[in-house]
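Novice: target.cif is reproduced below (mmCIF, C-alpha atoms).
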```cif
data_data
#
loop_
_atom_site.label_atom_id
_atom_site.label_comp_id
_atom_site.auth_asym_id
_atom_site.auth_seq_id
_atom_site.Cartn_x
_atom_site.Cartn_y
_atom_site.Cartn_z
CA MET A 105 0.00 0.00 0.00
CA SER A 106 1.42 3.44 -0.92
CA HIS A 107 2.22 5.86 1.88
CA ALA A 108 -0.48 8.36 0.74
CA LEU A 109 -3.17 5.68 0.77
CA GLU A 110 -1.86 4.17 3.99
CA THR A 111 -2.19 7.49 5.82
CA GLN A 112 -5.82 7.67 4.67
CA ASP A 113 -6.60 4.15 5.92
CA GLN A 114 -8.63 5.17 8.96
CA GLU A 115 -9.26 1.53 9.71
CA LEU A 116 -5.69 1.17 10.97
CA ARG A 117 -6.85 3.09 14.07
CA ALA A 118 -9.37 0.39 14.98
CA HIS A 119 -8.71 -2.37 17.51
CA GLU A 120 -10.59 -5.61 18.14
CA ASP A 121 -11.82 -4.28 21.48
CA HIS A 122 -13.53 -1.29 19.81
CA HIS A 123 -17.27 -1.49 19.30
CA ALA A 124 -18.31 -3.01 15.96
CA SER A 125 -19.99 0.29 15.00
CA LEU A 126 -16.71 2.17 15.44
CA ARG A 127 -14.82 -0.39 13.35
CA LEU A 128 -17.51 -0.16 10.66
CA TRP A 129 -17.35 3.65 10.69
CA LEU A 130 -13.56 3.56 10.23
CA ARG A 131 -13.90 1.00 7.41
CA LEU A 132 -16.44 3.25 5.62
CA LEU A 133 -14.09 6.23 6.01
CA SER A 134 -11.18 4.18 4.66
CA CYS A 135 -13.13 2.97 1.63
CA THR A 136 -14.37 6.49 0.89
CA SER A 137 -10.85 7.91 1.18
CA LEU A 138 -9.37 5.23 -1.06
CA VAL A 139 -11.99 5.71 -3.76
CA GLU A 140 -11.77 9.51 -3.58
CA GLU A 141 -7.97 9.58 -3.71
CA THR A 142 -7.93 7.21 -6.71
CA ILE A 143 -10.47 9.39 -8.54
CA ARG A 144 -8.54 12.58 -7.66
CA GLN A 145 -5.30 11.11 -8.96
CA ARG A 146 -6.83 9.84 -12.20
CA LEU A 147 -8.55 13.15 -12.88
CA ARG A 148 -5.21 14.92 -12.39
CA ASP A 149 -3.25 12.43 -14.49
CA GLN A 150 -5.67 12.00 -17.38
CA PHE A 151 -7.46 15.36 -17.56
CA ASP A 152 -5.25 17.77 -15.58
CA ILE A 153 -8.26 18.78 -13.48
CA THR A 154 -9.03 18.74 -9.77
CA LEU A 155 -11.93 16.87 -8.23
CA SER A 156 -13.54 20.14 -7.10
CA ARG A 157 -13.45 21.52 -10.66
CA PHE A 158 -14.93 18.24 -11.94
CA ASP A 159 -17.65 18.41 -9.26
CA LEU A 160 -18.54 21.99 -10.20
CA MET A 161 -18.82 21.00 -13.86
CA ALA A 162 -21.02 18.04 -12.82
CA GLN A 163 -23.37 20.44 -11.02
CA LEU A 164 -23.59 22.60 -14.14
CA GLU A 165 -24.18 19.56 -16.36
CA ARG A 166 -27.26 18.73 -14.29
CA HIS A 167 -28.56 22.32 -14.54
CA ARG A 168 -28.39 23.41 -18.16
CA GLU A 169 -29.93 26.78 -17.27
CA GLY A 170 -26.88 27.42 -15.09
CA LEU A 171 -26.52 28.11 -11.40
CA THR A 172 -25.72 31.21 -9.39
CA MET A 173 -22.51 31.35 -7.40
CA GLY A 174 -24.57 31.01 -4.20
CA GLU A 175 -26.34 27.91 -5.53
CA LEU A 176 -23.00 26.36 -6.48
CA SER A 177 -21.60 27.16 -3.04
CA ARG A 178 -24.56 25.53 -1.27
CA ARG A 179 -24.60 22.46 -3.52
CA MET A 180 -20.87 21.87 -3.19
CA MET A 181 -20.78 22.87 0.49
CA VAL A 182 -17.79 25.19 0.06
CA SER A 183 -17.33 28.92 0.55
CA GLY A 184 -18.22 31.47 -2.06
CA GLY A 185 -14.54 32.39 -2.34
CA ASN A 186 -13.65 28.83 -3.29
CA ILE A 187 -16.42 28.76 -5.91
CA THR A 188 -15.21 32.06 -7.37
CA ALA A 189 -11.66 30.71 -7.72
CA ILE A 190 -12.87 27.50 -9.39
CA VAL A 191 -15.18 29.38 -11.78
CA ASP A 192 -12.37 31.83 -12.63
CA GLN A 193 -10.07 28.91 -13.55
CA LEU A 194 -12.71 27.13 -15.62
CA GLU A 195 -13.66 30.38 -17.33
CA LYS A 196 -10.03 31.00 -18.35
CA GLU A 197 -10.03 27.53 -19.92
CA LEU A 198 -13.30 28.41 -21.75
CA LEU A 199 -15.14 25.52 -20.04
CA VAL A 200 -17.70 27.74 -18.28
CA GLN A 201 -19.15 31.19 -18.84
CA ARG A 202 -20.93 33.73 -16.70
CA LYS A 203 -24.19 35.10 -18.10
CA VAL A 204 -26.04 38.08 -16.67
CA ALA A 205 -29.40 37.01 -15.27
CA ALA A 206 -32.35 38.25 -17.31
CA THR A 207 -34.35 39.14 -14.20
CA ASP A 208 -31.55 40.88 -12.26
CA ARG A 209 -28.74 42.59 -14.18
CA ARG A 210 -26.59 42.61 -10.99
CA SER A 211 -26.44 38.81 -10.75
CA PHE A 212 -25.32 36.14 -13.16
CA ARG A 213 -25.51 32.43 -13.76
CA VAL A 214 -22.62 30.11 -14.50
CA LEU A 215 -23.09 27.71 -17.41
CA LEU A 216 -20.97 25.13 -19.19
CA THR A 217 -19.78 26.22 -22.62
CA VAL A 218 -20.11 23.86 -25.60
CA SER A 219 -16.46 22.97 -25.09
CA GLY A 220 -17.14 22.48 -21.37
CA ARG A 221 -19.98 20.06 -22.11
CA LYS A 222 -17.82 18.00 -24.46
CA THR A 223 -14.90 17.98 -22.02
CA PHE A 224 -17.15 17.04 -19.12
CA ALA A 225 -18.79 14.23 -21.12
CA ARG A 226 -15.34 12.65 -21.73
CA MET A 227 -14.39 13.01 -18.07
CA ALA A 228 -17.75 11.68 -16.83
CA THR A 229 -17.42 8.58 -19.01
CA ALA A 230 -13.94 7.90 -17.64
CA HIS A 231 -15.10 8.66 -14.07
CA GLU A 232 -17.92 6.12 -14.34
CA GLN A 233 -15.52 3.47 -15.66
CA TRP A 234 -13.14 4.12 -12.75
CA VAL A 235 -15.94 3.74 -10.21
CA VAL A 236 -17.09 0.50 -11.86
CA GLU A 237 -13.48 -0.75 -11.74
CA LEU A 238 -13.02 0.24 -8.09
CA PHE A 239 -16.20 -1.61 -7.09
CA SER A 240 -15.47 -4.66 -9.28
CA GLY A 241 -14.33 -6.62 -6.23
CA LEU A 242 -18.02 -6.94 -5.38
CA SER A 243 -20.50 -8.85 -7.51
CA GLU A 244 -23.58 -7.01 -8.77
CA ARG A 245 -25.63 -8.75 -6.09
CA GLN A 246 -23.17 -7.73 -3.36
CA GLN A 247 -23.24 -4.14 -4.61
CA GLU A 248 -27.06 -4.15 -4.43
CA GLN A 249 -26.93 -5.60 -0.90
CA LEU A 250 -24.37 -3.06 0.26
CA ASN A 251 -26.37 -0.24 -1.31
CA GLY A 252 -29.50 -1.46 0.51
CA LEU A 253 -27.68 -1.74 3.83
CA LEU A 254 -26.16 1.72 3.46
CA GLY A 255 -29.63 3.05 2.61
CA HIS A 256 -30.95 1.63 5.89
CA LEU A 257 -28.00 3.15 7.75
CA LYS A 258 -28.61 6.54 6.12
CA THR A 259 -32.31 6.44 7.02
CA GLY A 260 -31.47 5.56 10.62
CA ILE A 261 -28.92 8.36 10.86
CA HIS A 262 -31.46 10.86 9.47
CA ARG A 263 -34.02 9.70 12.05
CA THR A 264 -31.51 10.04 14.89
CA HIS A 265 -30.38 13.45 13.65
CA THR A 266 -33.96 14.72 13.29
CA HIS A 267 -34.89 13.36 16.73
CA THR A 268 -31.85 15.07 18.28
CA LEU A 269 -32.72 18.39 16.62
CA GLU A 270 -36.33 18.15 17.85
CA GLN A 271 -35.13 17.60 21.41
CA GLU A 272 -32.72 20.53 21.25
CA SER A 273 -35.19 23.09 19.87
CA PRO A 274 -37.08 25.15 22.49
#
```
Spit out the file's structure as structure tokens when you get a sec.
Specialist:
Amino acid sequence: MSHALETQDQELRAHEDHHASLRLWLRLLSCTSLVEETIRQRLRDQFDITLSRFDLMAQLERHREGLTMGELSRRMMVSGGNITAIVDQLEKELLVQRKVAATDRRSFRVLLTVSGRKTFARMATAHEQWVVELFSGLSERQQEQLNGLLGHLKTGIHRTHTHTLEQESP
């Protein structure tokens, strides 16, 4: 295992005497980190692009009418300053453009350019193939089972979170 991936292997912190839930949590973190780092590296190597720039383009691909900087910031859960820097870079590469909003001349929407759509389509195809490859250690049935189990976990976490918020509100 490479040093970079080894340092992201959160599971190495787990011990047999830890609760099964803690060991599972660390395994999920490790898997997520390994997949994300592999995707980051391949995007850099094959397309000379960062994961955050790819993610921003993915948001714009889903919203052909474009998104405001605030919408991008909320969807990507990063600061407006980070979004501005990413948009500036992509705009210099002619992959995105800013268009003044028809309803409010002071605001604008960010859209993929034709070149941006073509570039993103190539990257998205490769990205999907990488994910399929990374999950190929599981059969289709195992992937469906894991997806179902993680869905149950997510539902349970949402319930717990909602219950906690209800108890905390006055």
Novice: Would you kindly return, as a count of residues only, each protein, DNA or RNA residue with an atom no farther than 10 Å from any atom of stretch 208-222 of chain A, considering all atoms listed in the file and excluding same-chain residues fewer than 5 positions away?
Specialist: 28
Novice: If you apply the PyMOL selection byres ((chain A and resi 151) around 10) to this file, what residues do you get, as number ranges by chain?
Specialist: A: 145-150, 152-154, 158, 223-224, 226-227, 230
Novice: With C-alpha atoms retained, could you export that selection as a PDB file, keeping the file's coordinate frame?
Specialist:
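Saved file result.pdb follows:
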```pdb
ATOM      1  CA  GLN A 145      -5.300  11.110  -8.960  1.00  0.00           C
ATOM      2  CA  ARG A 146      -6.830   9.840 -12.200  1.00  0.00           C
ATOM      3  CA  LEU A 147      -8.550  13.150 -12.880  1.00  0.00           C
ATOM      4  CA  ARG A 148      -5.210  14.920 -12.390  1.00  0.00           C
ATOM      5  CA  ASP A 149      -3.250  12.430 -14.490  1.00  0.00           C
ATOM      6  CA  GLN A 150      -5.670  12.000 -17.380  1.00  0.00           C
ATOM      7  CA  ASP A 152      -5.250  17.770 -15.580  1.00  0.00           C
ATOM      8  CA  ILE A 153      -8.260  18.780 -13.480  1.00  0.00           C
ATOM      9  CA  THR A 154      -9.030  18.740  -9.770  1.00  0.00           C
ATOM     10  CA  PHE A 158     -14.930  18.240 -11.940  1.00  0.00           C
ATOM     11  CA  THR A 223     -14.900  17.980 -22.020  1.00  0.00           C
ATOM     12  CA  PHE A 224     -17.150  17.040 -19.120  1.00  0.00           C
ATOM     13  CA  ARG A 226     -15.340  12.650 -21.730  1.00  0.00           C
ATOM     14  CA  MET A 227     -14.390  13.010 -18.070  1.00  0.00           C
ATOM     15  CA  ALA A 230     -13.940   7.900 -17.640  1.00  0.00           C
TER      16      ALA A 230
END
```
Novice: Need the shell around A:Leu238: protein/DNA/RNA residues with any atom at most 9 Å away, counting all atoms listed in the file. Skip same-chain ones fewer than 4 positions apart. Format as a list in words?
Specialist: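 Here the qualifying residues turn out to be Val139, Thr142, Gln233 and Trp234 of chain A.
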Novice: How far is it from atom CA of A:Arg144 to atom CA of A:Ile187, in Å with one decimal?
Specialist: 18.1 Å
Novice: What is the atom CA of A:Gly184 to atom CA of A:Asp159 distance in Å?
Specialist: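 Value for the atom CA of A:Gly184-atom CA of A:Asp159 distance: 14.9 Å.
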Novice: Report the distance between atom CA of A:Ser125 and atom CA of A:Ile143 in Å, rounded to one decimal place.
Specialist: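 Computing the Euclidean distance for atom CA of A:Ser125 and atom CA of A:Ile143 yields 27.0 Å.
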Novice: Around all of stretch 228-234 of chain A's listed atoms, make the axis-aligned box with 4 Å on each side and tell me centre and edge lengths in Å to one decimal, as lines of an AutoDock Vina configuration file.
Specialist:
```
center_x = -15.5
center_y = 7.6
center_z = -15.9
size_x = 12.8
size_y = 16.2
size_z = 14.3
```
Novice: Step by step: locate stretch 243-259 of chain A in the block above, keep N, CA and C atoms, then write the file as a PDB file, in the first residue's frame.
Specialist:
```pdb
ATOM      1  N   SER A 243     -19.588  -8.449  -6.444  1.00  0.00           N
ATOM      2  CA  SER A 243     -20.502  -8.855  -7.510  1.00  0.00           C
ATOM      3  C   SER A 243     -21.645  -7.840  -7.578  1.00  0.00           C
ATOM      4  N   GLU A 244     -22.428  -7.909  -8.642  1.00  0.00           N
ATOM      5  CA  GLU A 244     -23.578  -7.013  -8.774  1.00  0.00           C
ATOM      6  C   GLU A 244     -24.539  -7.208  -7.599  1.00  0.00           C
ATOM      7  N   ARG A 245     -24.741  -8.453  -7.219  1.00  0.00           N
ATOM      8  CA  ARG A 245     -25.631  -8.748  -6.092  1.00  0.00           C
ATOM      9  C   ARG A 245     -25.079  -8.154  -4.789  1.00  0.00           C
ATOM     10  N   GLN A 246     -23.781  -8.303  -4.569  1.00  0.00           N
ATOM     11  CA  GLN A 246     -23.170  -7.731  -3.365  1.00  0.00           C
ATOM     12  C   GLN A 246     -23.277  -6.211  -3.355  1.00  0.00           C
ATOM     13  N   GLN A 247     -23.104  -5.593  -4.528  1.00  0.00           N
ATOM     14  CA  GLN A 247     -23.243  -4.141  -4.607  1.00  0.00           C
ATOM     15  C   GLN A 247     -24.667  -3.717  -4.261  1.00  0.00           C
ATOM     16  N   GLU A 248     -25.658  -4.456  -4.750  1.00  0.00           N
ATOM     17  CA  GLU A 248     -27.057  -4.152  -4.429  1.00  0.00           C
ATOM     18  C   GLU A 248     -27.312  -4.315  -2.930  1.00  0.00           C
ATOM     19  N   GLN A 249     -26.755  -5.381  -2.335  1.00  0.00           N
ATOM     20  CA  GLN A 249     -26.930  -5.604  -0.899  1.00  0.00           C
ATOM     21  C   GLN A 249     -26.286  -4.473  -0.093  1.00  0.00           C
ATOM     22  N   LEU A 250     -25.067  -4.119  -0.457  1.00  0.00           N
ATOM     23  CA  LEU A 250     -24.373  -3.058   0.256  1.00  0.00           C
ATOM     24  C   LEU A 250     -25.125  -1.737   0.106  1.00  0.00           C
ATOM     25  N   ASN A 251     -25.604  -1.462  -1.087  1.00  0.00           N
ATOM     26  CA  ASN A 251     -26.371  -0.243  -1.314  1.00  0.00           C
ATOM     27  C   ASN A 251     -27.627  -0.231  -0.434  1.00  0.00           C
ATOM     28  N   GLY A 252     -28.311  -1.366  -0.342  1.00  0.00           N
ATOM     29  CA  GLY A 252     -29.496  -1.461   0.510  1.00  0.00           C
ATOM     30  C   GLY A 252     -29.160  -1.261   1.980  1.00  0.00           C
ATOM     31  N   LEU A 253     -28.095  -1.885   2.432  1.00  0.00           N
ATOM     32  CA  LEU A 253     -27.678  -1.737   3.826  1.00  0.00           C
ATOM     33  C   LEU A 253     -27.290  -0.291   4.144  1.00  0.00           C
ATOM     34  N   LEU A 254     -26.546   0.331   3.237  1.00  0.00           N
ATOM     35  CA  LEU A 254     -26.155   1.723   3.464  1.00  0.00           C
ATOM     36  C   LEU A 254     -27.382   2.640   3.423  1.00  0.00           C
ATOM     37  N   GLY A 255     -28.376   2.290   2.619  1.00  0.00           N
ATOM     38  CA  GLY A 255     -29.631   3.047   2.610  1.00  0.00           C
ATOM     39  C   GLY A 255     -30.331   2.978   3.953  1.00  0.00           C
ATOM     40  N   HIS A 256     -30.363   1.788   4.551  1.00  0.00           N
ATOM     41  CA  HIS A 256     -30.955   1.631   5.888  1.00  0.00           C
ATOM     42  C   HIS A 256     -30.168   2.441   6.918  1.00  0.00           C
ATOM     43  N   LEU A 257     -28.854   2.389   6.826  1.00  0.00           N
ATOM     44  CA  LEU A 257     -28.004   3.150   7.747  1.00  0.00           C
ATOM     45  C   LEU A 257     -28.291   4.640   7.605  1.00  0.00           C
ATOM     46  N   LYS A 258     -28.355   5.123   6.371  1.00  0.00           N
ATOM     47  CA  LYS A 258     -28.611   6.543   6.118  1.00  0.00           C
ATOM     48  C   LYS A 258     -29.963   6.967   6.684  1.00  0.00           C
ATOM     49  N   THR A 259     -30.987   6.149   6.478  1.00  0.00           N
ATOM     50  CA  THR A 259     -32.314   6.442   7.015  1.00  0.00           C
ATOM     51  C   THR A 259     -32.266   6.520   8.542  1.00  0.00           C
TER      52      THR A 259
END
```
